[in-house]
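Undergrad: Below you'll find work.cif; it's mmCIF, C-alpha atoms.
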```cif
data_protein
#
loop_
_atom_site.label_atom_id
_atom_site.label_comp_id
_atom_site.auth_asym_id
_atom_site.auth_seq_id
_atom_site.Cartn_x
_atom_site.Cartn_y
_atom_site.Cartn_z
CA MET A 1 154.22 66.81 259.50
CA GLU A 2 156.03 67.66 256.25
CA ALA A 3 157.70 64.25 256.14
CA THR A 4 154.33 62.56 256.72
CA LEU A 5 152.57 64.38 253.86
CA SER A 6 155.37 64.32 251.29
CA PRO A 7 154.51 60.84 249.85
CA PHE A 8 151.00 62.07 249.04
CA LEU A 9 151.94 65.44 247.46
CA PRO A 10 152.59 64.04 243.95
CA HIS A 11 148.98 62.80 243.82
CA MET A 12 147.46 65.91 245.40
CA ILE A 13 149.25 68.72 243.53
CA PRO A 14 149.41 68.70 239.69
CA TYR A 15 152.78 69.44 238.16
CA ARG A 16 152.99 73.06 237.08
CA ASN A 17 153.61 73.18 233.33
CA PRO A 18 151.84 76.36 232.08
CA ARG A 19 150.52 76.46 228.50
CA LEU A 20 151.14 79.38 226.15
CA GLY A 21 148.24 78.61 223.79
CA PRO A 22 145.62 80.65 225.71
CA LYS A 23 147.97 83.63 225.86
CA ARG A 24 148.71 83.41 222.15
CA ARG A 25 145.01 83.22 221.26
CA THR A 26 144.19 86.13 223.57
CA PHE A 27 146.91 88.21 221.93
CA GLN A 28 145.64 87.33 218.44
CA TRP A 29 142.03 88.19 219.30
CA ALA A 30 143.11 91.44 220.97
CA THR A 31 145.21 92.58 218.00
CA SER A 32 142.44 91.59 215.58
CA LEU A 33 139.90 93.64 217.54
CA VAL A 34 142.26 96.62 217.62
CA ILE A 35 142.70 96.48 213.83
CA LEU A 36 138.93 96.08 213.37
CA LEU A 37 137.89 98.88 215.72
CA LEU A 38 140.70 101.40 215.12
CA PRO A 39 138.88 103.14 212.21
CA PHE A 40 135.90 103.81 214.52
CA LEU A 41 138.01 105.53 217.21
CA ARG A 42 138.55 109.28 217.14
CA TRP A 43 140.76 111.78 218.92
CA ASN A 44 140.39 115.56 218.71
CA GLY A 45 137.56 115.03 216.25
CA ARG A 46 139.77 113.03 213.86
CA SER A 47 140.34 109.36 213.12
CA LEU A 48 143.15 107.74 215.06
CA LEU A 49 144.55 106.36 211.81
CA ARG A 50 143.22 107.10 208.34
CA ILE A 51 144.53 108.06 204.90
CA ASP A 52 142.35 110.79 203.40
CA PHE A 53 142.73 110.98 199.63
CA THR A 54 140.42 114.01 199.31
CA SER A 55 142.81 116.20 201.32
CA LEU A 56 145.94 114.14 200.55
CA SER A 57 146.69 113.73 204.24
CA LEU A 58 147.38 111.10 206.87
CA GLN A 59 145.38 111.36 210.10
CA LEU A 60 147.54 109.96 212.88
CA PHE A 61 146.46 109.89 216.55
CA GLY A 62 144.59 113.19 216.41
CA GLY A 63 147.14 114.96 214.19
CA THR A 64 147.22 115.47 210.44
CA LEU A 65 150.21 114.97 208.15
CA ARG A 66 149.61 116.54 204.74
CA ILE A 67 151.25 115.88 201.42
CA ASP A 68 153.31 119.06 201.74
CA GLU A 69 154.60 117.68 205.06
CA LEU A 70 156.09 114.65 203.36
CA TYR A 71 159.13 114.77 205.62
CA LEU A 72 156.88 113.82 208.56
CA VAL A 73 155.44 110.87 206.64
CA LEU A 74 159.00 109.85 205.75
CA LEU A 75 160.04 110.03 209.42
CA PHE A 76 157.00 107.95 210.38
CA THR A 77 157.82 105.33 207.73
CA LEU A 78 161.47 105.12 208.76
CA ALA A 79 160.58 104.85 212.47
CA LEU A 80 158.05 102.12 211.69
CA GLY A 81 160.59 100.25 209.56
CA LEU A 82 163.27 100.37 212.26
CA THR A 83 160.73 99.25 214.88
CA PHE A 84 159.88 96.24 212.73
CA LEU A 85 163.56 95.40 212.20
CA LEU A 86 164.26 95.69 215.92
CA ALA A 87 161.26 93.48 216.77
CA THR A 88 162.53 90.91 214.25
CA LEU A 89 166.03 91.02 215.68
CA VAL A 90 164.79 90.59 219.26
CA PHE A 91 161.75 88.31 218.87
CA GLY A 92 162.58 86.46 215.65
CA ARG A 93 159.76 84.39 214.15
CA VAL A 94 157.50 85.02 217.13
CA TRP A 95 155.94 87.71 214.89
CA CYS A 96 154.87 84.94 212.51
CA GLY A 97 153.28 82.73 215.14
CA TRP A 98 151.73 85.39 217.36
CA ALA A 99 151.05 88.60 215.42
CA CYS A 100 151.17 88.03 211.65
CA PRO A 101 147.72 88.59 210.03
CA GLN A 102 148.27 85.58 207.78
CA THR A 103 148.71 83.30 210.79
CA THR A 104 145.72 84.83 212.54
CA LEU A 105 143.53 84.38 209.46
CA SER A 106 144.72 80.78 209.07
CA ASP A 107 144.00 80.06 212.74
CA ILE A 108 140.50 81.56 212.42
CA ALA A 109 139.82 79.55 209.26
CA GLU A 110 140.89 76.29 210.89
CA TRP A 111 138.99 77.12 214.10
CA LEU A 112 135.79 77.72 212.09
CA ALA A 113 136.30 74.45 210.20
CA ARG A 114 136.71 72.45 213.41
CA ARG A 115 133.68 74.14 215.00
CA LEU A 116 131.69 72.90 211.99
CA GLY A 117 132.95 69.37 212.54
CA LEU A 118 135.51 69.35 209.74
CA GLY A 119 139.02 67.98 209.88
CA ILE A 120 142.13 69.39 208.20
CA GLU A 121 144.67 67.15 206.53
CA ASN A 122 147.46 68.32 204.22
CA ASN A 123 145.90 71.80 204.31
CA GLN A 124 142.61 70.42 202.94
CA LEU A 125 139.17 70.37 204.62
CA GLN A 126 137.96 66.87 205.41
CA GLY A 127 134.31 66.09 206.10
CA ALA A 128 130.74 66.14 204.79
CA PRO A 129 130.11 68.32 201.69
CA ALA A 130 127.31 70.22 203.44
CA ARG A 131 129.65 71.21 206.26
CA LYS A 132 132.26 72.31 203.72
CA VAL A 133 129.66 74.58 202.07
CA LEU A 134 128.91 76.16 205.45
CA ALA A 135 132.62 76.68 206.03
CA HIS A 136 133.03 78.40 202.67
CA ILE A 137 130.04 80.67 203.37
CA ALA A 138 131.63 81.63 206.69
CA TYR A 139 134.95 82.26 204.90
CA LEU A 140 133.22 84.52 202.37
CA VAL A 141 131.48 86.56 205.08
CA LEU A 142 134.72 86.94 207.03
CA ALA A 143 136.62 87.87 203.84
CA LEU A 144 134.08 90.64 203.12
CA LEU A 145 134.59 91.93 206.67
CA VAL A 146 138.37 92.01 206.16
CA GLY A 147 137.93 93.86 202.85
CA ALA A 148 135.56 96.40 204.41
CA ASN A 149 137.93 96.86 207.35
CA LEU A 150 140.72 97.87 204.96
CA VAL A 151 138.45 100.37 203.18
CA TRP A 152 137.56 101.91 206.57
CA TYR A 153 141.16 103.10 206.85
CA PHE A 154 140.47 105.30 203.80
CA VAL A 155 136.72 106.01 204.13
CA GLU A 156 135.32 106.73 207.60
CA PRO A 157 132.94 103.91 208.70
CA PRO A 158 129.84 106.19 209.12
CA ARG A 159 130.37 107.58 205.63
CA PHE A 160 131.13 104.10 204.27
CA PHE A 161 127.87 102.61 205.54
CA ALA A 162 125.82 105.65 204.47
CA GLU A 163 127.22 105.53 200.94
CA LEU A 164 126.93 101.73 200.80
CA LEU A 165 123.25 101.76 201.80
CA GLY A 166 122.58 104.69 199.46
CA ASN A 167 124.39 103.00 196.56
CA ARG A 168 126.81 105.95 196.40
CA LEU A 169 130.03 104.19 197.36
CA HIS A 170 132.91 105.23 195.09
CA TYR A 171 133.96 102.66 192.51
CA GLY A 172 137.51 102.77 193.88
CA ALA A 173 136.21 101.63 197.28
CA TRP A 174 134.18 98.87 195.60
CA ILE A 175 137.21 97.63 193.65
CA THR A 176 139.34 97.61 196.81
CA LEU A 177 136.67 95.86 198.86
CA LEU A 178 135.98 93.12 196.31
CA THR A 179 139.65 92.58 195.42
CA VAL A 180 140.72 92.22 199.05
CA ALA A 181 137.68 90.06 199.91
CA GLY A 182 138.35 87.77 196.95
CA THR A 183 142.02 87.42 197.87
CA VAL A 184 141.25 86.70 201.53
CA TYR A 185 138.57 84.17 200.58
CA LEU A 186 141.04 82.27 198.39
CA ASP A 187 143.50 82.40 201.29
CA PHE A 188 140.89 80.93 203.66
CA ALA A 189 139.71 78.29 201.22
CA LEU A 190 142.92 77.13 199.55
CA ILE A 191 146.18 78.64 200.79
CA ARG A 192 146.42 79.20 204.57
CA ARG A 193 149.64 77.55 205.82
CA VAL A 194 151.02 77.10 202.29
CA MET A 195 151.64 80.86 202.22
CA CYS A 196 153.84 80.66 205.33
CA ARG A 197 155.63 77.53 204.23
CA ASP A 198 156.33 78.20 200.54
CA PHE A 199 155.76 81.84 199.59
CA CYS A 200 156.27 84.25 202.49
CA PRO A 201 159.73 85.87 202.28
CA TYR A 202 159.77 86.90 205.94
CA GLY A 203 161.17 83.59 207.18
CA ARG A 204 164.11 83.87 204.78
CA PHE A 205 164.54 87.53 205.66
CA GLN A 206 164.56 86.75 209.37
CA THR A 207 167.38 84.23 208.99
CA VAL A 208 169.58 87.09 207.75
CA LEU A 209 168.69 89.21 210.78
CA ALA A 210 169.03 86.38 213.30
CA ASP A 211 171.38 87.27 216.14
CA PRO A 212 172.98 85.21 218.93
CA GLY A 213 170.42 86.81 221.25
CA THR A 214 167.30 86.45 219.05
CA LEU A 215 164.34 84.76 220.76
CA THR A 216 164.12 81.21 219.44
CA LEU A 217 161.80 78.25 219.93
CA HIS A 218 163.85 75.06 220.00
CA LEU A 219 164.64 71.76 221.67
CA PRO A 220 167.97 72.26 223.50
CA GLU A 221 170.54 69.56 222.87
CA ALA A 222 170.84 69.00 226.62
CA GLU A 223 167.13 68.06 226.77
CA ALA A 224 167.18 65.68 223.78
CA PRO A 225 167.98 62.54 225.87
CA ARG A 226 164.76 63.10 227.86
CA CYS A 227 162.59 62.99 224.73
CA ILE A 228 160.28 59.93 224.81
CA ARG A 229 159.56 60.05 221.04
CA CYS A 230 155.83 60.45 221.56
CA GLY A 231 155.44 62.64 218.46
CA ALA A 232 153.04 65.07 220.17
CA CYS A 233 155.10 68.06 219.01
CA VAL A 234 154.90 66.92 215.37
CA ARG A 235 151.14 66.25 215.49
CA SER A 236 150.44 69.67 217.00
CA CYS A 237 152.55 71.64 214.50
CA PRO A 238 150.41 73.57 211.98
CA MET A 239 153.38 73.67 209.60
CA GLU A 240 153.80 69.87 209.80
CA ILE A 241 157.50 69.99 210.72
CA ASP A 242 159.54 68.23 213.40
CA ILE A 243 161.17 70.72 215.76
CA ARG A 244 163.49 67.97 217.02
CA ARG A 245 165.45 68.30 213.78
CA GLY A 246 166.70 71.77 214.73
CA PHE A 247 166.12 75.12 213.05
CA GLN A 248 163.80 75.02 210.03
CA VAL A 249 162.76 78.06 208.03
CA GLU A 250 159.14 76.85 207.96
CA CYS A 251 158.83 77.12 211.76
CA ILE A 252 156.64 80.10 212.77
CA ASN A 253 157.47 79.89 216.50
CA CYS A 254 153.80 79.62 217.47
CA GLY A 255 154.58 77.46 220.51
CA ARG A 256 152.03 74.70 219.86
CA CYS A 257 154.77 72.07 220.05
CA LEU A 258 155.90 73.59 223.36
CA ASP A 259 152.39 73.17 224.81
CA ALA A 260 152.06 69.65 223.46
CA CYS A 261 155.40 68.64 224.99
CA ARG A 262 154.53 70.21 228.34
CA GLU A 263 151.21 68.40 228.41
CA VAL A 264 152.90 65.02 227.82
CA MET A 265 155.76 65.61 230.24
CA ALA A 266 153.39 66.88 232.94
CA ARG A 267 152.01 63.33 233.17
CA LYS A 268 155.53 62.22 234.02
CA ARG A 269 155.79 65.13 236.49
CA GLN A 270 158.64 66.66 234.49
CA PRO A 271 159.06 70.04 232.77
CA GLY A 272 158.61 70.27 229.02
CA LEU A 273 161.64 69.91 226.79
CA ILE A 274 160.89 72.60 224.17
CA ARG A 275 161.36 76.20 225.18
CA TYR A 276 161.72 79.81 224.09
CA SER A 277 165.11 81.32 224.84
CA PHE A 278 167.11 84.36 223.80
CA GLY A 279 169.73 82.65 221.68
CA LEU A 280 170.70 79.00 221.65
CA GLU A 281 173.38 79.27 224.32
CA GLY A 282 171.07 79.98 227.25
CA LYS A 283 172.49 83.41 228.03
CA GLY A 284 169.02 84.88 228.43
CA PHE A 285 168.07 88.51 227.91
CA PRO A 286 171.68 89.81 228.36
CA ALA A 287 172.47 88.17 225.02
CA LEU A 288 170.55 91.04 223.39
CA LEU A 289 172.99 93.61 224.71
CA ASN A 290 175.12 93.59 221.58
CA ALA A 291 176.15 96.28 219.09
CA ARG A 292 173.60 95.48 216.38
CA THR A 293 170.61 95.49 218.73
CA MET A 294 171.73 98.62 220.55
CA ILE A 295 172.34 100.54 217.31
CA LEU A 296 168.88 99.63 215.97
CA ALA A 297 167.24 100.53 219.29
CA ALA A 298 169.04 103.88 219.41
CA GLY A 299 168.09 104.66 215.81
CA MET A 300 164.45 103.81 216.45
CA LEU A 301 164.31 105.99 219.57
CA ILE A 302 165.96 108.92 217.79
CA LEU A 303 163.57 108.72 214.84
CA ALA A 304 160.51 108.29 217.08
CA SER A 305 161.56 111.24 219.26
CA THR A 306 162.24 113.40 216.20
CA LEU A 307 158.85 112.53 214.73
CA ALA A 308 157.04 113.32 217.99
CA ALA A 309 158.86 116.65 218.31
CA ALA A 310 158.23 117.55 214.66
CA ILE A 311 154.49 116.85 214.99
CA TYR A 312 154.25 118.77 218.26
CA LEU A 313 156.22 121.78 216.99
CA LYS A 314 154.88 121.93 213.44
CA PRO A 315 153.44 125.36 212.48
CA GLN A 316 149.71 126.01 212.67
CA ALA A 317 149.74 127.69 209.27
CA SER A 318 152.05 128.25 206.32
CA LEU A 319 152.56 131.15 203.91
CA LYS A 320 154.32 131.05 200.56
CA ILE A 321 154.91 134.18 198.47
CA ALA A 322 155.97 134.62 194.84
CA LEU A 323 156.00 137.44 192.32
CA SER A 324 153.05 137.21 189.97
CA HIS A 325 153.87 135.68 186.59
CA THR A 326 150.86 137.27 184.90
CA ALA A 327 151.38 140.95 185.78
CA ALA A 328 154.65 142.88 185.69
CA SER A 329 155.63 145.56 188.18
CA ARG A 330 154.91 149.12 187.07
CA VAL A 331 155.54 152.69 188.17
CA LEU A 332 152.32 154.59 188.99
CA ASP A 333 151.55 158.27 188.39
CA ASP A 334 152.41 159.17 191.99
CA ARG A 335 155.93 157.76 191.40
CA THR A 336 155.34 154.62 193.51
CA LEU A 337 156.09 151.08 192.40
CA ALA A 338 153.19 148.58 192.18
CA THR A 339 154.34 144.99 192.51
CA PHE A 340 151.93 142.07 192.02
CA PHE A 341 152.23 139.04 194.29
CA SER A 342 150.65 135.59 194.54
CA ALA A 343 150.37 133.97 197.97
CA TRP A 344 149.41 130.49 199.15
CA VAL A 345 147.96 130.16 202.65
CA SER A 346 147.50 126.76 204.33
CA ASN A 347 145.59 126.12 207.56
CA ARG A 348 147.40 123.31 209.38
CA SER A 349 145.36 123.60 212.58
CA ASP A 350 142.23 121.72 213.67
CA LYS A 351 139.90 124.75 213.63
CA THR A 352 138.62 127.33 211.17
CA VAL A 353 140.84 130.45 211.16
CA ASN A 354 140.52 133.89 209.59
CA TYR A 355 143.91 135.15 208.36
CA HIS A 356 145.35 138.36 207.00
CA ILE A 357 148.72 139.17 205.46
CA ALA A 358 150.89 142.11 206.54
CA ALA A 359 154.07 143.34 204.89
CA LYS A 360 157.01 145.62 205.56
CA LEU A 361 160.21 146.59 203.84
CA ALA A 362 163.15 144.77 205.38
CA GLY A 363 165.03 148.06 205.83
CA GLY A 364 161.97 149.74 207.30
CA GLN A 365 162.32 152.65 204.83
CA GLY A 366 159.32 154.34 203.20
CA PRO A 367 155.55 153.75 203.32
CA LEU A 368 154.03 150.51 202.10
CA VAL A 369 150.41 149.77 201.08
CA ILE A 370 148.77 146.43 200.33
CA CYS A 371 145.70 146.28 198.10
CA GLY A 372 143.77 143.13 197.21
CA GLN A 373 143.00 139.80 198.84
CA ASN A 374 145.16 140.12 201.89
CA HIS A 375 142.32 140.34 204.46
CA ASP A 376 139.54 137.95 205.59
CA ILE A 377 141.21 134.81 204.29
CA ASN A 378 138.88 132.32 206.00
CA LEU A 379 140.06 128.69 205.88
CA LEU A 380 138.59 125.48 207.22
CA PRO A 381 140.90 122.99 209.00
CA GLY A 382 143.35 121.56 206.49
CA ALA A 383 142.23 123.92 203.72
CA ASN A 384 144.50 125.83 201.31
CA ARG A 385 143.87 129.00 199.35
CA ALA A 386 145.71 131.05 196.74
CA VAL A 387 145.31 134.86 196.86
CA GLN A 388 146.64 137.78 194.81
CA PHE A 389 147.40 141.31 195.94
CA VAL A 390 149.40 144.40 195.02
CA VAL A 391 152.06 146.11 197.14
CA THR A 392 152.89 149.75 196.47
CA THR A 393 156.22 151.11 197.70
CA PRO A 394 158.59 153.92 196.86
CA VAL A 395 160.58 153.07 193.74
CA PRO A 396 163.70 151.30 195.05
CA GLU A 397 167.07 152.38 193.76
CA THR A 398 168.51 148.89 194.34
CA THR A 399 167.17 145.43 195.03
CA GLU A 400 165.31 145.51 198.32
CA PRO A 401 163.79 142.63 200.35
CA ILE A 402 160.21 142.75 201.56
CA GLU A 403 158.91 140.64 204.45
CA PHE A 404 155.39 139.20 204.69
CA THR A 405 153.72 137.99 207.88
CA LEU A 406 150.63 135.78 208.24
CA LEU A 407 148.47 136.78 211.22
CA ASP A 408 145.24 135.49 212.74
CA ASP A 409 142.34 137.61 214.05
CA GLU A 410 144.04 137.95 217.43
CA GLY A 411 147.23 139.30 215.88
CA HIS A 412 149.32 136.18 216.51
CA GLU A 413 152.15 135.74 214.05
CA LEU A 414 151.82 132.32 212.45
CA SER A 415 154.22 132.28 209.51
CA ARG A 416 156.65 134.42 207.56
CA ALA A 417 157.77 134.64 203.95
CA SER A 418 159.94 137.03 201.95
CA ALA A 419 160.33 138.32 198.43
CA THR A 420 162.49 140.83 196.59
CA LEU A 421 161.61 144.20 195.06
CA THR A 422 163.72 145.26 192.08
CA PRO A 423 163.94 148.62 190.34
CA PRO A 424 161.74 148.82 187.22
#
```
How would this structure read if it were set down as structure tokens?
TA:
Amino acid sequence: MEATLSPFLPHMIPYRNPRLGPKRRTFQWATSLVILLLPFLRWNGRSLLRIDFTSLSLQLFGGTLRIDELYLVLLFTLALGLTFLLATLVFGRVWCGWACPQTTLSDIAEWLARRLGLGIENNQLQGAPARKVLAHIAYLVLALLVGANLVWYFVEPPRFFAELLGNRLHYGAWITLLTVAGTVYLDFALIRRVMCRDFCPYGRFQTVLADPGTLTLHLPEAEAPRCIRCGACVRSCPMEIDIRRGFQVECINCGRCLDACREVMARKRQPGLIRYSFGLEGKGFPALLNARTMILAAGMLILASTLAAAIYLKPQASLKIALSHTAASRVLDDRTLATFFSAWVSNRSDKTVNYHIAAKLAGGQGPLVICGQNHDINLLPGANRAVQFVVTTPVPETTEPIEFTLLDDEGHELSRASATLTPP
């Protein structure tokens, strides 16, 4: 039976030559929606990702990193930088073709133009003037959306729309919105692929990081004799280059030439010639198992783990103590020493807490009394407060340390600080 049917199979079953274009477009739309909707999402009552200038803090996945926790922001920045370097080393220019916002914006601009019946030649719109006007109106609307989306990462969307409709939006937000919208509109209308081809430094940067195992889109030399010189790969390339000429810095690895070649070769019932591969020698994924990749991966994992542990273990409150600079210590009539202190209390938790400050002599010798603002220190989440109080102790004969403890209403110890008592 198999021998009888085999002559008819070529006409009954299409040659399998899967296209990557739908996957690339799905990925671009998905990442665009994530970027657009992320400011609206909340966790533990906080934005998933937002920079709050009023409290000088970064809200990150339900947690808050404040300006006095700069080491956490530094860890986050370093981990993000190493992640980007590792992705570049492993996936090469695939970032440009699949995930870069500039490529996504250019693809959207060209898709809108074609939906309006316009052509694109040498990066210029071709078609009726009325259709060009419609395209530019669409570009302007989309540019305003991109500008507003950036502002939402600094001003929560509900507050943004309320202040916008009430004409109360801060001038800084207006400047950011209009500047970004104007820049994006010019990108849509005039620049698009020119940015990738002539100005973006990432392509040059990636050539420095390229590794024998880096993912590359290319036409293998072994496949070159099968090329039928149809030119489909060149016509489909948004960067207007010829991948048959080997590596070119303008290539963004989008895979359009790969799909075009597969479509042509499928008619001949042959696999496409152009392919993605880890390195040019066909070693596959094992080519990535080299010292440079492994060191970057280890560094990224260490930094990411350290950041996660630091956020999880960070204190719920902080206490800083210093001798007052406005009032000197003095000996009272009952022969006790009155020492004036300034304290700074910071609520790092996500709820309102009522604090009080306790103190004791490090040696545990002699009575100690605190008078002043050391009780009922009520702070909202993320709030800070400076308080002043007086500590009376027996007059020390030598320098003596004193320990302060920050407690909540339930008596839990949240933070410690120390200072030094000196003889008058």
Undergrad: Can I get the residues of stretch 46-95 of chain A within 9 Å of stretch 146-160 of chain A, each with the closest pair of atoms and their distance in Å to one decimal, using all atoms listed in the file, sorted chain first then ascending number, as a Markdown table?
TA:
```
| residue | atom | partner | partner_atom | distance |
| --- | --- | --- | --- | --- |
| A:Ser47 | CA | A:Glu156 | CA | 7.9 |
| A:Leu49 | CA | A:Tyr153 | CA | 6.8 |
| A:Arg50 | CA | A:Tyr153 | CA | 4.7 |
| A:Ile51 | CA | A:Phe154 | CA | 5.0 |
| A:Asp52 | CA | A:Phe154 | CA | 5.8 |
| A:Phe53 | CA | A:Phe154 | CA | 7.4 |
```
Undergrad: Would you list the contacts of A:Thr103 as an MDAnalysis selection string, taking every protein, DNA or RNA residue within 9 Å and counting only C-alpha atoms, but skipping same-chain residues closer than 5 positions in sequence?
TA: chainID A and resid 96:98 108 192:193 196 252
Undergrad: To test your reading of the syntax: which residues would the PyMOL selection byres ((chain A and resi 224) around 12) return for the file shown? Reply as number ranges by chain.
TA: A: 218-223, 225-229, 243-246, 272-274
Undergrad: Check the smallest atom-to-atom distance from each of A:Leu190, A:Met195, A:Leu332, A:Leu164 to A:Tyr139 using only C-alpha atoms, then report the winner.
TA: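 Of the candidates, the smallest distance to A:Tyr139 is held by A:Leu190.
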Undergrad: For the provided coordinates, the residues matched by the PyMOL selection byres ((chain A and resi 389) around 8) should be stated as a PDB file with C-alpha atoms, keeping the file's coordinate frame.
TA:
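Okay, this is what ended up in result35.pdb:
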```pdb
ATOM      1  CA  PHE A 340     151.930 142.070 192.020  1.00  0.00           C
ATOM      2  CA  PHE A 341     152.230 139.040 194.290  1.00  0.00           C
ATOM      3  CA  SER A 342     150.650 135.590 194.540  1.00  0.00           C
ATOM      4  CA  ILE A 370     148.770 146.430 200.330  1.00  0.00           C
ATOM      5  CA  CYS A 371     145.700 146.280 198.100  1.00  0.00           C
ATOM      6  CA  GLY A 372     143.770 143.130 197.210  1.00  0.00           C
ATOM      7  CA  GLN A 373     143.000 139.800 198.840  1.00  0.00           C
ATOM      8  CA  ASN A 374     145.160 140.120 201.890  1.00  0.00           C
ATOM      9  CA  VAL A 387     145.310 134.860 196.860  1.00  0.00           C
ATOM     10  CA  GLN A 388     146.640 137.780 194.810  1.00  0.00           C
ATOM     11  CA  VAL A 390     149.400 144.400 195.020  1.00  0.00           C
ATOM     12  CA  VAL A 391     152.060 146.110 197.140  1.00  0.00           C
TER      13      VAL A 391
END
```
Undergrad: Just want the 10 Å neighbourhood of A:Ala87, counted on all atoms listed in the file, with same-chain residues fewer than 4 positions away dropped. Output as a count of residues only.
TA: 12
Undergrad: Which residue out of A:Asp350, A:Glu121, A:Glu240, A:Asp259 has the minimum interatomic distance to A:Leu20 when all atoms listed in the file are used?
TA: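 Under the stated criterion, the closest residue is A:Asp259.
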Undergrad: Atom CA of A:Arg262 and atom CA of A:Arg204, how far apart in Å?
TA: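 Interatomic distance, atom CA of A:Arg204 to atom CA of A:Arg262: 28.9 Å.
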Undergrad: Return as a list in words the set of residues that the PyMOL selection byres ((chain A and resi 136) around 12) yields on the displayed structure.
TA: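 Taken on the displayed file, the PyMOL selection byres ((chain A and resi 136) around 12) yields the residues Ala109, Glu110, Leu112, Ala113, Leu116, Leu118, Leu125, Pro129, Ala130, Arg131, Lys132, Val133, Leu134, Ala135, Ile137, Ala138, Tyr139, Leu140, Val141, Leu142, Ala143, Val184, Tyr185, Leu186, Asp187, Phe188, Ala189 and Leu190 of chain A.
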Undergrad: Atom CA of A:Leu86 and atom CA of A:Met300 are how many Å apart?
TA: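 One can read the atom CA of A:Leu86 to atom CA of A:Met300 distance as 8.1 Å.
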Undergrad: Could you tell me how far atom CA of A:Phe404 sits from atom CA of A:Ala417, in Å to one decimal place?
TA: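 Spanning atom CA of A:Ala417 to atom CA of A:Phe404 is a straight-line distance of 5.2 Å.
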Undergrad: Hey, which of A:Met294, A:Leu421, A:Ala310, A:Ala358 ends up closest to A:Pro401? Count only C-alpha atoms.
TA: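 Looking at the shortest contact to A:Pro401, the residue is A:Leu421.
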